[in-house]
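Text of the file coords.csv, holding CSV, C-alpha atoms:
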chain,number,residue,atom,x,y,z
P,1,MET,CA,-27.3,8.5,12.3
P,2,SER,CA,-24.0,9.7,13.7
P,3,THR,CA,-23.5,13.0,15.5
P,4,TRP,CA,-20.2,14.5,14.5
P,5,GLU,CA,-18.2,16.6,17.0
P,6,LEU,CA,-15.5,19.0,16.0
P,7,ILE,CA,-12.3,18.0,17.7
P,8,ASP,CA,-9.6,20.0,15.9
P,9,GLU,CA,-9.5,23.0,13.5
P,10,ASP,CA,-6.5,24.5,11.8
P,11,SER,CA,-7.8,27.5,9.9
P,12,SER,CA,-4.4,28.3,8.4
P,13,ARG,CA,-4.5,25.0,6.5
P,14,GLY,CA,-8.3,24.8,6.2
P,15,VAL,CA,-8.4,21.5,8.0
P,16,ARG,CA,-11.2,20.3,10.4
P,17,LYS,CA,-11.3,17.0,12.2
P,18,TYR,CA,-14.5,15.5,13.6
P,19,ILE,CA,-15.2,12.4,15.7
P,20,ALA,CA,-18.4,10.4,16.1
P,21,PRO,CA,-19.4,7.1,17.8
P,22,GLY,CA,-19.2,4.1,15.4
P,23,ASP,CA,-21.9,1.7,14.6
P,24,GLU,CA,-20.3,-1.2,16.4
P,25,ALA,CA,-19.5,-1.3,20.2
P,26,ASP,CA,-16.2,0.3,21.2
P,27,SER,CA,-15.7,1.9,17.8
P,28,ILE,CA,-15.4,5.5,16.6
P,29,LEU,CA,-15.5,7.3,13.3
P,30,ILE,CA,-13.1,10.1,12.4
P,31,ARG,CA,-13.7,12.5,9.5
P,32,THR,CA,-11.3,15.1,8.1
P,33,GLU,CA,-12.4,18.0,5.9
P,34,MET,CA,-10.0,20.1,3.9
P,35,ASP,CA,-10.7,23.5,2.4
P,36,ASP,CA,-8.1,24.3,-0.2
P,37,ARG,CA,-9.4,27.8,-0.8
P,38,THR,CA,-7.3,29.3,1.9
P,39,ILE,CA,-4.1,28.0,0.5
P,40,ALA,CA,-5.1,28.7,-3.1
P,41,ASP,CA,-6.0,32.3,-2.2
P,42,ASP,CA,-2.7,32.8,-0.4
P,43,ASN,CA,-0.8,31.3,-3.3
P,44,ARG,CA,-2.5,33.6,-5.8
P,45,ALA,CA,-1.7,36.6,-3.6
P,46,LEU,CA,1.9,35.6,-3.4
P,47,GLN,CA,2.2,35.1,-7.1
P,48,ASN,CA,1.7,38.9,-7.5
P,49,GLU,CA,4.6,39.8,-5.2
P,50,ALA,CA,8.1,40.5,-6.5
P,51,PHE,CA,11.0,38.2,-5.5
P,52,ASP,CA,14.7,38.2,-6.0
P,53,ARG,CA,15.7,35.5,-8.5
P,54,ARG,CA,19.4,36.0,-7.4
P,55,SER,CA,18.5,34.5,-4.0
P,56,GLU,CA,19.9,31.1,-3.3
P,57,PHE,CA,16.4,29.8,-2.1
P,58,TRP,CA,12.9,31.0,-2.5
P,59,HIS,CA,9.4,29.7,-1.5
P,60,ALA,CA,8.2,27.9,-4.6
P,61,ALA,CA,4.9,26.3,-3.6
P,62,SER,CA,2.3,25.5,-0.9
P,63,ILE,CA,0.7,22.2,-1.6
P,64,PRO,CA,-2.5,21.3,0.3
P,65,THR,CA,-2.6,17.9,2.0
P,66,SER,CA,-5.6,17.0,-0.1
P,67,VAL,CA,-3.6,17.7,-3.3
P,68,MET,CA,-0.8,15.5,-2.1
P,69,TYR,CA,-3.3,12.7,-1.4
P,70,GLU,CA,-4.7,13.2,-4.9
P,71,TRP,CA,-1.2,12.9,-6.4
P,72,LEU,CA,-0.5,9.8,-4.5
P,73,THR,CA,-3.8,8.1,-5.4
P,74,LEU,CA,-4.2,9.3,-9.0
P,75,HIS,CA,-0.6,9.6,-10.2
P,76,GLY,CA,1.4,7.5,-7.7
P,77,VAL,CA,3.5,10.5,-6.8
P,78,ASN,CA,4.5,10.9,-3.1
P,79,ALA,CA,5.4,14.6,-2.6
P,80,TRP,CA,7.5,13.7,0.5
P,81,ASN,CA,9.6,11.1,-1.4
P,82,PRO,CA,12.9,12.7,-2.8
P,83,ASP,CA,12.9,10.2,-5.6
P,84,HIS,CA,9.6,11.7,-6.8
P,85,ALA,CA,10.9,15.3,-7.0
P,86,GLY,CA,10.8,15.3,-10.8
P,87,ALA,CA,7.2,14.2,-10.9
P,88,VAL,CA,6.2,16.8,-8.3
P,89,LYS,CA,7.8,19.5,-10.4
P,90,LYS,CA,6.0,18.2,-13.5
P,91,LEU,CA,2.7,18.3,-11.6
P,92,LEU,CA,3.3,21.8,-10.2
P,93,ASN,CA,4.1,23.1,-13.7
P,94,SER,CA,0.9,21.6,-15.2
P,95,SER,CA,-2.1,23.8,-15.7
P,96,ASP,CA,-4.1,21.7,-13.2
P,97,TYR,CA,-1.8,22.5,-10.3
P,98,ARG,CA,-0.2,25.7,-11.2
P,99,TRP,CA,-2.2,27.4,-8.5
P,100,CYS,CA,-0.1,25.6,-5.9
P,101,LYS,CA,3.0,27.7,-6.9
P,102,VAL,CA,3.6,31.0,-5.1
P,103,LYS,CA,5.6,32.5,-8.0
P,104,HIS,CA,5.1,32.5,-11.8
P,105,ILE,CA,8.2,30.3,-12.4
P,106,ILE,CA,8.9,27.0,-14.1
P,107,LEU,CA,10.4,24.5,-11.7

Can you turn what I pasted into structure tokens?
Amino acid sequence: MSTWELIDEDSSRGVRKYIAPGDEADSILIRTEMDDRTIADDNRALQNEAFDRRSEFWHAASIPTSVMYEWLTLHGVNAWNPDHAGAVKKLLNSSDYRWCKVKHIIL
């Protein structure tokens, strides 16, 4: 059985990375754990704050890496691809991912 060692932690994003020796010679295993609760809690808190709709730009969403991976594998949507912007907006407006938005707005 592998012994996992924590090698990196980013508490602001809820990401932890671990390393362990692999089963074969000269191999290693890397494991990444993501806790979306931090981002979800921050987003929900921001949803209750007022914002100026007249502003040219505003912070619309914070999307966890694990959600972006889910979109890519389940929906074929790459959040970083400008050609997928419409699909990203559709997912953010859906009831499943509305918690990723930081304001009660329709994108």

Near Val15 in chain P, counting all atoms listed in the file, which residues have an atom at most 7 Å away, once you skip same-chain residues fewer than 4 positions from it, shown as an MDAnalysis selection string?
chainID P and resid 9:11 33:35

Could you save the residues just selected, with C-alpha atoms, as a compact mmCIF listing (two decimals), in the coordinates of the input?
# COMPACT_ATOMS: atom_id res chain seq x y z
CA GLU P 9 -9.50 23.00 13.50
CA ASP P 10 -6.50 24.50 11.80
CA SER P 11 -7.80 27.50 9.90
CA GLU P 33 -12.40 18.00 5.90
CA MET P 34 -10.00 20.10 3.90
CA ASP P 35 -10.70 23.50 2.40

A straight line from CA of Ala85 in chain P to CA of Ser66 in chain P spans 18.0 Å

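With all atoms listed in the file taken into account, the protein and nucleic acid residues at most 10 Å from Pro64 in chain P (excluding it and anything under 3 positions from it in its own chain) are Arg13, Gly14, Val15, Met34, Asp35, Asp36, Arg37, Thr38, Ile39, Ala40, Ala61, Val67, Met68, Tyr69, Glu70 and Cys100 of chain P.
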
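When CA of Thr32 in chain P is paired with CA of Trp99 in chain P, their separation reads 22.6 Å.
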
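Nearest to Lys103 in chain P of all the residues P:Ser55, P:Thr73, P:Ser27, P:Gln47 is P:Gln47, based on only C-alpha atoms.
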
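Between CA of Leu46 in chain P and CA of Lys90 in chain P the interatomic distance comes to 20.5 Å.
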
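Within the 10 Å cut-off around Gly86 in chain P, using all atoms listed in the file and omitting residues fewer than 5 positions from it on the same chain, the listed residues are Val77, Ala79, Leu91, Leu92 and Leu107 of chain P.
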
With distances taken over all atoms listed in the file, the candidate from P:Ala20, P:Leu74, P:Val102, P:Leu29 nearest Arg44 in chain P is P:Val102

Residues within 9 Å of (-10.1, 9.5, 9.1), file coords, only C-alpha atoms, listed as a ChimeraX atom specification: /P:17-19,29-32

Edge lengths and centre in Å, axis-aligned, range 26-35 of chain P plus 5 Å each side, as JSON:
{"center_x": -13.1, "center_y": 11.9, "center_z": 11.8, "size_x": 16.2, "size_y": 33.2, "size_z": 28.8}

Of P:Pro82, P:His75, P:Ala25, P:Lys101, the one sitting nearest Trp58 in chain P when using only C-alpha atoms is P:Lys101

Would you fill out range 86-97 of chain P with all heavy atoms and return it as a short mmCIF file (atom, residue, chain, number, x, y, z; two decimals), in the coordinates of the input?
data_model
loop_
_atom_site.label_atom_id
_atom_site.label_comp_id
_atom_site.auth_asym_id
_atom_site.auth_seq_id
_atom_site.Cartn_x
_atom_site.Cartn_y
_atom_site.Cartn_z
N GLY P 86 11.08 14.98 -9.41
CA GLY P 86 10.80 15.30 -10.80
C GLY P 86 9.34 15.28 -11.15
O GLY P 86 8.82 16.16 -11.85
N ALA P 87 8.64 14.28 -10.62
CA ALA P 87 7.20 14.20 -10.90
C ALA P 87 6.43 15.29 -10.18
O ALA P 87 5.45 15.81 -10.71
CB ALA P 87 6.69 12.80 -10.41
N VAL P 88 6.88 15.68 -8.98
CA VAL P 88 6.20 16.80 -8.30
C VAL P 88 6.40 18.08 -9.07
O VAL P 88 5.43 18.83 -9.26
CB VAL P 88 6.83 16.95 -6.84
CG1 VAL P 88 6.36 18.24 -6.20
CG2 VAL P 88 6.47 15.76 -5.98
N LYS P 89 7.60 18.34 -9.58
CA LYS P 89 7.80 19.50 -10.40
C LYS P 89 6.95 19.51 -11.64
O LYS P 89 6.37 20.54 -12.02
CB LYS P 89 9.30 19.63 -10.81
CG LYS P 89 10.22 19.98 -9.68
CD LYS P 89 11.66 20.01 -10.16
CE LYS P 89 12.62 20.25 -9.04
NZ LYS P 89 14.01 20.23 -9.50
N LYS P 90 6.84 18.35 -12.28
CA LYS P 90 6.00 18.20 -13.50
C LYS P 90 4.54 18.55 -13.15
O LYS P 90 3.88 19.27 -13.90
CB LYS P 90 6.13 16.83 -14.06
CG LYS P 90 5.39 16.62 -15.35
CD LYS P 90 5.64 15.25 -15.92
CE LYS P 90 4.88 15.06 -17.22
NZ LYS P 90 5.10 13.73 -17.80
N LEU P 91 4.04 18.02 -12.03
CA LEU P 91 2.70 18.30 -11.60
C LEU P 91 2.47 19.78 -11.31
O LEU P 91 1.47 20.39 -11.70
CB LEU P 91 2.25 17.42 -10.47
CG LEU P 91 2.00 15.95 -10.80
CD1 LEU P 91 1.94 15.10 -9.54
CD2 LEU P 91 0.72 15.81 -11.61
N LEU P 92 3.43 20.38 -10.59
CA LEU P 92 3.30 21.80 -10.20
C LEU P 92 3.35 22.69 -11.47
O LEU P 92 2.71 23.75 -11.49
CB LEU P 92 4.44 22.20 -9.28
CG LEU P 92 4.29 21.74 -7.84
CD1 LEU P 92 5.56 22.03 -7.06
CD2 LEU P 92 3.09 22.38 -7.18
N ASN P 93 4.06 22.29 -12.50
CA ASN P 93 4.10 23.10 -13.70
C ASN P 93 2.93 22.87 -14.63
O ASN P 93 2.74 23.62 -15.59
CB ASN P 93 5.43 22.78 -14.48
CG ASN P 93 6.64 23.36 -13.78
OD1 ASN P 93 6.58 24.41 -13.16
ND2 ASN P 93 7.75 22.65 -13.87
N SER P 94 2.12 21.84 -14.35
CA SER P 94 0.90 21.60 -15.20
C SER P 94 -0.13 22.62 -14.93
O SER P 94 -0.18 23.25 -13.87
CB SER P 94 0.39 20.18 -14.90
OG SER P 94 -0.28 20.15 -13.65
N SER P 95 -1.01 22.79 -15.88
CA SER P 95 -2.10 23.80 -15.70
C SER P 95 -3.06 23.40 -14.61
O SER P 95 -3.70 24.27 -14.03
CB SER P 95 -2.83 23.94 -17.05
OG SER P 95 -3.39 22.71 -17.46
N ASP P 96 -3.15 22.12 -14.27
CA ASP P 96 -4.10 21.70 -13.20
C ASP P 96 -3.65 22.11 -11.84
O ASP P 96 -4.49 22.34 -10.97
CB ASP P 96 -4.23 20.16 -13.25
CG ASP P 96 -4.93 19.66 -14.49
OD1 ASP P 96 -5.71 20.42 -15.08
OD2 ASP P 96 -4.69 18.49 -14.87
N TYR P 97 -2.35 22.18 -11.60
CA TYR P 97 -1.80 22.50 -10.30
C TYR P 97 -0.97 23.70 -10.17
O TYR P 97 -0.33 23.94 -9.16
CB TYR P 97 -1.06 21.24 -9.73
CG TYR P 97 -1.90 20.00 -9.68
CD1 TYR P 97 -1.71 18.98 -10.60
CD2 TYR P 97 -2.89 19.85 -8.72
CE1 TYR P 97 -2.49 17.83 -10.56
CE2 TYR P 97 -3.67 18.71 -8.66
CZ TYR P 97 -3.46 17.70 -9.58
OH TYR P 97 -4.23 16.58 -9.54
#
